[in-house]
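Q: What follows is input_16.txt; its format and atoms are compact mmCIF, C-alpha atoms.
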```
# COMPACT_ATOMS: atom_id res chain seq x y z
CA MET A 189 13.31 -5.39 -43.66
CA SER A 190 11.98 -2.57 -41.52
CA GLN A 191 11.14 -3.25 -37.91
CA GLN A 192 7.49 -4.11 -37.35
CA HIS A 193 5.86 -2.63 -34.25
CA ILE A 194 2.64 -4.13 -33.03
CA LYS A 195 1.40 -3.00 -29.65
CA SER A 196 -1.46 -4.17 -27.50
CA HIS A 197 -2.83 -3.10 -24.14
CA SER A 198 -4.54 -5.47 -21.73
CA GLU A 199 -8.27 -4.98 -21.45
CA ASP A 200 -10.17 -6.11 -18.40
CA ASP A 201 -13.66 -7.51 -18.64
CA ASP A 202 -16.46 -5.25 -17.48
CA HIS A 203 -17.40 -5.89 -13.87
CA ASN A 204 -20.44 -4.77 -11.95
CA HIS A 205 -19.22 -3.89 -8.48
CA HIS A 206 -21.91 -4.14 -5.85
CA ASP A 207 -21.66 -3.55 -2.12
CA GLU A 208 -19.89 -6.35 -0.27
CA HIS A 209 -18.61 -7.81 -3.56
CA HIS A 210 -14.94 -7.71 -4.47
CA HIS A 211 -12.83 -9.72 -6.91
CA ASP A 212 -9.22 -10.74 -6.27
CA HIS A 213 -7.76 -11.38 -9.72
CA SER A 214 -4.23 -12.20 -8.60
CA PRO A 215 -3.27 -15.88 -8.79
CA HIS A 216 -0.17 -15.20 -6.70
CA ALA A 217 0.39 -13.98 -3.16
CA HIS A 218 0.40 -10.28 -3.92
CA ALA A 219 -1.16 -9.10 -0.63
CA GLY A 220 -3.44 -6.10 -0.93
CA HIS A 221 -3.45 -6.04 -4.79
CA ASP A 222 -6.88 -4.94 -5.94
CA HIS A 223 -6.30 -4.88 -9.69
CA ALA A 224 -7.39 -2.07 -11.93
CA GLY A 225 -10.13 -1.99 -14.46
CA HIS A 226 -10.60 0.16 -17.56
CA ASP A 227 -13.05 2.84 -18.49
CA HIS A 228 -14.35 1.55 -21.81
CA SER A 229 -16.74 4.42 -22.34
CA SER A 230 -13.97 6.98 -22.63
CA GLY A 231 -11.14 4.75 -23.75
CA ALA A 232 -8.99 5.90 -20.85
CA HIS A 233 -7.15 3.38 -18.73
CA SER A 234 -8.15 3.38 -15.08
CA HIS A 235 -5.81 1.85 -12.51
CA ALA A 236 -8.01 2.64 -9.50
CA PRO A 237 -8.50 -0.11 -6.94
CA SER A 238 -11.72 -2.05 -7.17
CA VAL A 239 -13.65 -1.33 -3.98
CA THR A 240 -17.14 -1.37 -2.64
CA GLU A 241 -18.79 1.74 -1.25
CA ALA A 242 -19.57 -0.11 1.98
CA ASN A 243 -15.90 -0.86 2.65
CA GLU A 244 -14.90 2.71 1.84
CA LYS A 245 -17.49 3.96 4.34
CA ARG A 246 -16.15 1.60 7.03
CA ILE A 247 -12.59 2.78 6.52
CA ARG A 248 -13.74 6.42 6.61
CA ILE A 249 -15.49 5.84 9.95
CA VAL A 250 -12.45 4.14 11.48
CA PHE A 251 -10.16 6.89 10.13
CA LEU A 252 -12.23 9.57 11.87
CA MET A 253 -12.23 7.55 15.10
CA THR A 254 -8.47 6.93 14.96
CA ALA A 255 -7.51 10.51 14.07
CA GLY A 256 -9.87 11.93 16.71
CA TYR A 257 -8.50 9.69 19.43
CA ALA A 258 -4.89 10.45 18.40
CA ALA A 259 -5.60 14.13 19.13
CA VAL A 260 -7.20 13.25 22.50
CA GLN A 261 -4.26 11.01 23.34
CA ALA A 262 -1.69 13.68 22.47
CA VAL A 263 -3.46 16.22 24.70
CA GLY A 264 -3.88 13.64 27.46
CA GLY A 265 -0.21 12.70 27.25
CA TRP A 266 0.86 16.33 27.51
CA MET A 267 -1.44 17.04 30.46
CA SER A 268 -0.51 13.87 32.37
CA GLY A 269 3.18 14.07 31.53
CA SER A 270 3.06 10.63 29.90
CA LEU A 271 5.58 10.19 27.10
CA ALA A 272 4.09 6.76 26.42
CA LEU A 273 0.72 8.32 25.54
CA ILE A 274 2.40 10.85 23.26
CA ALA A 275 4.36 8.04 21.57
CA ASP A 276 1.19 5.99 21.15
CA ALA A 277 -0.51 9.07 19.72
CA GLY A 278 2.23 9.08 17.08
CA HIS A 279 1.47 5.43 16.42
CA MET A 280 -2.21 6.28 16.05
CA VAL A 281 -1.31 9.12 13.67
CA SER A 282 0.67 6.69 11.52
CA ASP A 283 -2.29 4.33 11.37
CA ALA A 284 -4.71 7.19 10.67
CA ALA A 285 -2.42 8.23 7.83
CA ALA A 286 -2.49 4.68 6.46
CA LEU A 287 -6.28 4.78 6.50
CA LEU A 288 -6.23 8.18 4.83
CA LEU A 289 -3.96 6.82 2.10
CA ALA A 290 -6.49 4.04 1.48
CA LEU A 291 -9.20 6.67 1.09
CA ILE A 292 -6.93 8.62 -1.26
CA ALA A 293 -6.57 5.48 -3.32
CA TYR A 294 -10.35 5.26 -3.54
CA ARG A 295 -10.93 8.90 -4.42
CA VAL A 296 -7.99 10.90 -5.73
CA ALA A 297 -6.40 8.04 -7.65
CA ALA A 298 -9.76 7.36 -9.31
CA ARG A 299 -9.66 10.71 -11.11
CA ALA A 300 -9.43 10.34 -14.86
CA PRO A 301 -6.03 10.76 -16.55
CA ASP A 302 -5.44 13.84 -18.68
CA GLU A 303 -2.95 14.91 -21.34
CA LEU A 304 -0.38 15.97 -18.75
CA ARG A 305 -0.88 12.98 -16.39
CA THR A 306 -1.55 10.02 -18.65
CA TYR A 307 -1.27 7.60 -15.72
CA GLY A 308 -3.66 9.66 -13.63
CA PHE A 309 -3.04 10.71 -10.02
CA HIS A 310 -1.95 7.42 -8.45
CA ARG A 311 1.44 8.70 -7.36
CA VAL A 312 -0.31 11.21 -5.07
CA ARG A 313 -0.77 8.33 -2.68
CA VAL A 314 2.89 7.37 -2.90
CA LEU A 315 4.05 10.94 -2.27
CA ALA A 316 1.71 11.23 0.70
CA ALA A 317 3.07 7.98 2.13
CA LEU A 318 6.65 9.22 1.72
CA ALA A 319 5.89 12.50 3.49
CA ASN A 320 4.03 10.70 6.26
CA GLY A 321 6.86 8.22 6.83
CA ALA A 322 9.50 10.95 6.96
CA ALA A 323 7.47 12.95 9.50
CA LEU A 324 7.01 9.88 11.69
CA LEU A 325 10.74 9.15 11.70
CA LEU A 326 11.32 12.68 13.02
CA LEU A 327 8.70 12.03 15.72
CA VAL A 328 10.45 8.80 16.72
CA ALA A 329 13.77 10.63 17.00
CA TRP A 330 12.17 13.13 19.40
CA ILE A 331 10.54 10.37 21.47
CA ALA A 332 13.86 8.53 21.77
CA TRP A 333 15.66 11.73 22.83
CA GLU A 334 12.98 12.52 25.43
CA ALA A 335 12.95 8.92 26.72
CA VAL A 336 16.72 8.99 27.33
CA ALA A 337 16.32 12.25 29.24
CA ARG A 338 13.58 10.72 31.40
CA PHE A 339 15.69 7.66 32.15
CA ARG A 340 18.38 9.99 33.49
CA SER A 341 15.97 12.29 35.30
CA PRO A 342 12.54 10.67 35.94
CA THR A 343 9.54 12.94 35.47
CA ALA A 344 6.30 12.79 37.45
CA VAL A 345 3.46 11.07 35.61
CA LEU A 346 -0.24 11.39 36.50
CA ALA A 347 -1.15 7.72 36.30
CA GLY A 348 -4.88 8.33 36.80
CA PRO A 349 -5.47 10.51 33.71
CA MET A 350 -3.07 8.28 31.79
CA LEU A 351 -5.20 5.24 32.66
CA VAL A 352 -8.44 6.99 31.66
CA VAL A 353 -7.07 8.04 28.26
CA ALA A 354 -5.66 4.54 27.64
CA ILE A 355 -9.01 2.90 28.47
CA ILE A 356 -10.77 5.28 26.06
CA GLY A 357 -8.24 4.24 23.42
CA LEU A 358 -8.94 0.58 24.05
CA CYS A 359 -12.67 1.18 23.55
CA VAL A 360 -12.06 3.16 20.36
CA ASN A 361 -9.86 0.43 18.91
CA LEU A 362 -12.33 -2.32 19.86
CA ALA A 363 -15.10 -0.38 18.13
CA GLY A 364 -12.90 0.18 15.06
CA ALA A 365 -12.01 -3.51 14.84
CA TYR A 366 -15.70 -4.42 15.08
CA VAL A 367 -16.60 -2.04 12.23
CA LEU A 368 -13.88 -3.43 9.97
CA LEU A 369 -14.54 -7.08 10.80
CA ARG A 370 -18.09 -6.65 9.49
CA GLY A 371 -16.76 -5.53 6.10
CA ASN A 372 -15.78 -7.58 3.06
CA GLN A 373 -12.46 -9.20 3.95
CA GLY A 374 -11.69 -9.67 0.26
CA ASP A 375 -10.72 -5.97 0.15
CA GLY A 376 -6.96 -5.64 0.70
CA ASN A 377 -7.27 -2.04 1.92
CA LEU A 378 -9.79 -3.09 4.55
CA ARG A 379 -7.62 -6.00 5.73
CA GLY A 380 -4.64 -3.67 6.06
CA ALA A 381 -6.72 -1.19 8.03
CA LEU A 382 -7.80 -3.97 10.40
CA LEU A 383 -4.17 -4.92 11.08
CA HIS A 384 -3.36 -1.29 11.95
CA VAL A 385 -6.29 -1.11 14.36
CA LEU A 386 -5.25 -4.35 16.05
CA GLY A 387 -1.75 -2.89 16.51
CA ASP A 388 -3.28 0.20 18.11
CA LEU A 389 -5.32 -2.02 20.39
CA LEU A 390 -2.14 -3.68 21.69
CA GLY A 391 -0.64 -0.22 22.27
CA SER A 392 -3.66 0.75 24.38
CA VAL A 393 -3.33 -2.43 26.42
CA GLY A 394 0.33 -1.59 27.04
CA ALA A 395 -0.54 1.95 28.15
CA ILE A 396 -3.17 0.59 30.56
CA ALA A 397 -0.63 -1.85 32.01
CA ALA A 398 1.96 0.92 32.41
CA ALA A 399 -0.53 3.25 34.12
CA ILE A 400 -1.61 0.54 36.56
CA GLY A 401 2.03 -0.32 37.21
CA ILE A 402 2.86 3.31 38.01
CA MET A 403 -0.17 3.57 40.31
CA LEU A 404 0.81 0.43 42.22
CA THR A 405 4.59 0.83 42.37
CA GLY A 406 5.32 4.51 41.68
CA TRP A 407 7.88 3.48 39.07
CA THR A 408 7.52 6.32 36.60
CA VAL A 409 10.33 4.74 34.56
CA LEU A 410 7.65 2.42 33.16
CA ASP A 411 6.39 5.34 31.08
CA PRO A 412 9.58 5.97 29.03
CA ILE A 413 10.09 2.20 28.71
CA LEU A 414 6.66 1.85 27.10
CA SER A 415 7.27 4.93 24.94
CA VAL A 416 10.41 3.28 23.50
CA LEU A 417 8.49 0.07 22.76
CA VAL A 418 5.77 2.02 20.97
CA ALA A 419 8.41 4.04 19.11
CA VAL A 420 9.83 0.78 17.76
CA LEU A 421 6.40 0.00 16.29
CA VAL A 422 6.24 3.48 14.76
CA VAL A 423 9.73 3.07 13.27
CA ARG A 424 8.69 -0.17 11.62
CA SER A 425 5.61 1.42 10.06
CA ALA A 426 7.39 4.64 9.10
CA TRP A 427 10.41 2.94 7.56
CA GLY A 428 8.09 0.65 5.60
CA LEU A 429 6.28 3.68 4.20
CA VAL A 430 9.50 5.47 3.27
CA SER A 431 11.29 2.47 1.73
CA ASP A 432 8.25 1.25 -0.21
CA SER A 433 7.51 4.75 -1.52
CA ILE A 434 11.08 5.29 -2.69
CA PHE A 435 11.13 1.85 -4.31
CA ILE A 436 7.94 2.63 -6.24
CA LEU A 437 9.16 6.08 -7.30
CA LEU A 438 12.39 4.49 -8.57
CA GLN A 439 10.20 2.14 -10.64
CA GLY A 440 11.71 -0.94 -9.06
CA THR A 441 10.60 -4.39 -10.12
CA PRO A 442 7.48 -5.36 -8.13
CA ARG A 443 8.36 -7.55 -5.19
CA GLY A 444 7.66 -11.21 -5.83
CA LEU A 445 7.92 -10.83 -9.61
CA ASP A 446 10.72 -12.94 -11.14
CA ILE A 447 11.70 -11.14 -14.37
CA LYS A 448 13.77 -14.04 -15.72
CA GLY A 449 11.01 -16.49 -14.86
CA VAL A 450 8.39 -14.36 -16.60
CA GLU A 451 10.55 -14.07 -19.73
CA ALA A 452 11.08 -17.85 -19.77
CA ASP A 453 7.34 -18.41 -19.37
CA ILE A 454 6.50 -16.09 -22.27
CA ALA A 455 9.24 -17.63 -24.43
CA ALA A 456 7.57 -21.03 -23.99
CA LEU A 457 4.32 -19.82 -25.57
CA PRO A 458 3.52 -21.16 -29.04
CA GLY A 459 4.52 -18.90 -31.92
CA ILE A 460 7.22 -17.00 -30.00
CA ALA A 461 10.89 -17.31 -30.92
CA GLU A 462 12.53 -14.71 -28.68
CA VAL A 463 11.66 -12.61 -25.65
CA GLY A 464 13.50 -9.62 -24.25
CA HIS A 465 13.40 -6.12 -22.81
CA LEU A 466 10.84 -7.00 -20.14
CA HIS A 467 10.38 -4.01 -17.85
CA ALA A 468 7.89 -4.12 -14.98
CA TRP A 469 7.15 -1.50 -12.36
CA THR A 470 4.51 -0.63 -9.82
CA LEU A 471 2.21 2.28 -10.55
CA THR A 472 1.00 2.09 -6.95
CA ASP A 473 0.87 -0.87 -4.61
CA THR A 474 -2.25 -2.03 -6.45
CA SER A 475 -1.26 -1.95 -10.11
CA ILE A 476 1.64 -3.51 -12.04
CA VAL A 477 2.63 -2.14 -15.45
CA ALA A 478 4.96 -3.88 -17.91
CA THR A 479 6.42 -3.66 -21.40
CA ILE A 480 7.94 -6.56 -23.31
CA HIS A 481 9.41 -7.34 -26.76
CA VAL A 482 8.84 -10.63 -28.58
CA THR A 483 9.71 -12.01 -32.01
CA PRO A 484 7.49 -14.45 -33.95
CA ALA A 485 8.56 -18.00 -34.68
CA PRO A 486 8.70 -19.01 -38.35
CA GLY A 487 5.20 -19.51 -39.76
CA SER A 488 3.42 -17.86 -36.80
CA ASP A 489 1.03 -14.92 -37.09
CA PRO A 490 2.67 -11.86 -35.48
CA LEU A 491 -0.71 -10.16 -35.13
CA ALA A 492 -1.85 -12.89 -32.75
CA LEU A 493 1.11 -12.58 -30.37
CA PRO A 494 0.20 -9.41 -28.42
CA GLU A 495 -3.15 -10.79 -27.28
CA LEU A 496 -1.54 -14.12 -26.36
CA VAL A 497 1.23 -12.49 -24.32
CA VAL A 498 -1.10 -10.01 -22.60
CA ALA A 499 -3.41 -12.82 -21.47
CA ARG A 500 -0.50 -14.84 -20.13
CA LEU A 501 0.96 -11.90 -18.21
CA LYS A 502 -2.41 -11.14 -16.67
CA ASN A 503 -3.53 -14.65 -15.79
CA GLN A 504 -0.20 -16.10 -14.62
CA HIS A 505 1.73 -13.13 -13.30
CA ALA A 506 -0.91 -10.62 -12.14
CA ILE A 507 0.30 -7.95 -14.59
CA GLU A 508 -2.87 -6.08 -15.44
CA HIS A 509 -1.52 -3.48 -17.87
CA ALA A 510 0.99 -4.68 -20.48
CA THR A 511 2.37 -3.28 -23.71
CA VAL A 512 3.70 -5.89 -26.14
CA GLN A 513 6.00 -4.98 -29.02
CA VAL A 514 6.55 -7.52 -31.82
CA ASP A 515 9.97 -7.24 -33.44
CA PRO A 516 11.21 -8.95 -36.62
CA PRO A 517 13.40 -12.08 -36.18
CA GLY A 518 16.75 -11.04 -34.74
CA GLY A 519 15.39 -7.63 -33.82
CA ILE A 520 15.76 -8.09 -30.06
CA GLN A 521 19.18 -6.90 -28.97
CA LYS A 522 20.49 -8.39 -25.77
CA PRO A 523 21.69 -5.81 -23.23
CA CYS A 524 25.46 -5.45 -22.77
CA ALA A 525 26.94 -6.88 -19.59
CA ASN A 526 28.17 -3.47 -18.42
CA ASN A 527 24.80 -1.71 -18.99
```
Do you think you could lay out the structure here as structure tokens?

A:
Amino acid sequence: MSQQHIKSHSEDDDHNHHDEHHHDHSPHAHAGHDHAGHDHSSGAHSHAPSVTEANEKRIRIVFLMTAGYAAVQAVGGWMSGSLALIADAGHMVSDAAALLLALIAYRVAARAPDELRTYGFHRVRVLAALANGAALLLLVAWIAWEAVARFRSPTAVLAGPMLVVAIIGLCVNLAGAYVLLRGNQGDGNLRGALLHVLGDLLGSVGAIAAAIGIMLTGWTVLDPILSVLVAVLVVRSAWGLVSDSIFILLQGTPRGLDIKGVEADIAALPGIAEVGHLHAWTLTDTSIVATIHVTPAPGSDPLALPELVVARLKNQHAIEHATVQVDPPGGIQKPCANN
């Protein structure tokens, strides 16, 4: 008997996306997963995040504010001699980059696939995140080196200009938080952007405290101390970007997805005798792709299995794009222990 191949792709229902209206299809705690839809008119699969134009506009505004203030802060740090301001500018750059990546997800990743890039341009965002994270790690290394040098030989810091720049930063971050809080909190990208802005706000508060402390006590060592604390925040963000990007590029199993549990769940469906060769990976942080092999139970209709499995993977495991292959009984070969 020749092997029978029957394949099916998941198809999302058509949705009308209006401003301030966003659907979270995931039944599990997959934070920030805005699942993809499909372009039925062209037949091409679209994995772009579902997003409202209003939320995209809010993130664009906050990105411009954050990037603009990061430049002001870097110049202010250089002029005042404050390493803490320069370090916080790096933190602001990391958050501006995160906002930019969200905008890339909305725009670049939404471009239609072609014959050379059948999955579209989603990995552009991942590559940008990897480059951003690597650059920030280099910045942190420089900040740490400079901070050690300042501990050994304290450098004069102009606390007045430092305080002015830090207060401007506090105002910028408060305005950014206000803009994002008025958006639709069902949008994972917007929620992530809000967390970044709140982190920047705490950095501004720290810079204000350090400037006041230097003005009152003359302890310029407060500046490198704060710069190290801010650098720790940058390391956390940068390492997260690098590790997550590498994990996605290596097509690792999406975090929180239990492969054995999913296979057992599919095997329990009516009409299925065997399940195997389940492979799942993340296209971006917003779209999970999977392939799976099943064999029909005696008397079951093999043509009905792909639709059944696809629906289960989507509704119970947040896998929006699945390819199901139906093999003849005994056709699923178990992997060897040393493979």

Q: With distances taken over only C-alpha atoms, which of A:Ala332, A:Ala419, A:Leu326, A:Leu351 is nearest to Gln261 of chain A?

A: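 So, comparing all the options, the nearest one is A:Leu351.
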
Q: Would you work out the distance separating atom CA of Pro412 of chain A from atom CA of Ile274 of chain A, expressed in Å to one decimal?

A: 10.4 Å

Q: Which is closest to Leu318 of chain A among A:Ala284, A:Ile400, A:Leu386, A:Leu437, if we use all atoms listed in the file?

A: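 Of all the options, A:Leu437 lies closest to Leu318 of chain A.
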
Q: Would you kindly return, as a CSV table (one decimal) with C-alpha atoms, keeping the file's coordinate frame, each protein, DNA or RNA residue with an atom no farther than 12 Å from any atom of Val263 of chain A, considering only C-alpha atoms and excluding same-chain residues fewer than 3 positions away?

A:
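Final file, around04.csv:
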```
chain,number,residue,atom,x,y,z
A,256,GLY,CA,-9.9,11.9,16.7
A,257,TYR,CA,-8.5,9.7,19.4
A,258,ALA,CA,-4.9,10.4,18.4
A,259,ALA,CA,-5.6,14.1,19.1
A,260,VAL,CA,-7.2,13.2,22.5
A,266,TRP,CA,0.9,16.3,27.5
A,267,MET,CA,-1.4,17.0,30.5
A,268,SER,CA,-0.5,13.9,32.4
A,269,GLY,CA,3.2,14.1,31.5
A,270,SER,CA,3.1,10.6,29.9
A,271,LEU,CA,5.6,10.2,27.1
A,273,LEU,CA,0.7,8.3,25.5
A,274,ILE,CA,2.4,10.8,23.3
A,275,ALA,CA,4.4,8.0,21.6
A,276,ASP,CA,1.2,6.0,21.2
A,277,ALA,CA,-0.5,9.1,19.7
A,278,GLY,CA,2.2,9.1,17.1
A,349,PRO,CA,-5.5,10.5,33.7
A,350,MET,CA,-3.1,8.3,31.8
A,353,VAL,CA,-7.1,8.0,28.3
```

Q: So which one's closest to Val409 of chain A, A:Ile460, A:Ala272, A:Leu501, A:Ser475? Using all atoms listed in the file, please.

A: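 That would be A:Ala272, the residue with the smallest distance to Val409 of chain A.
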
Q: Between A:Gly428, A:Gly394, A:Gly348, A:Gly518, which one has atoms that come closest to Ala317 of chain A, using all atoms listed in the file?

A: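 Closest to Ala317 of chain A of all the choices is A:Gly428.
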
Q: Smallest atom-to-atom distance to Trp407 of chain A: which of A:Val463, A:Ala344, A:Asp432, A:Glu244, using only C-alpha atoms?

A: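 Using only C-alpha atoms, the shortest distance to Trp407 of chain A belongs to A:Ala344.
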
Q: For Glu451 of chain A, find every residue with an atom within 10 Å (counting all atoms listed in the file), except residues of its own chain fewer than 3 positions away, and show them as a PyMOL selection string.

A: chain A and resi 446-448+454-456+462-466+480-482+501

Q: Expressed in Å to a single decimal, how great is the separation between atom CA of Val450 of chain A and atom CA of Gln504 of chain A?

A: 9.0 Å

Q: What does the structure give for the distance between atom CA of Ala323 of chain A and atom CA of Val416 of chain A, in Å to one decimal?

A: 17.3 Å
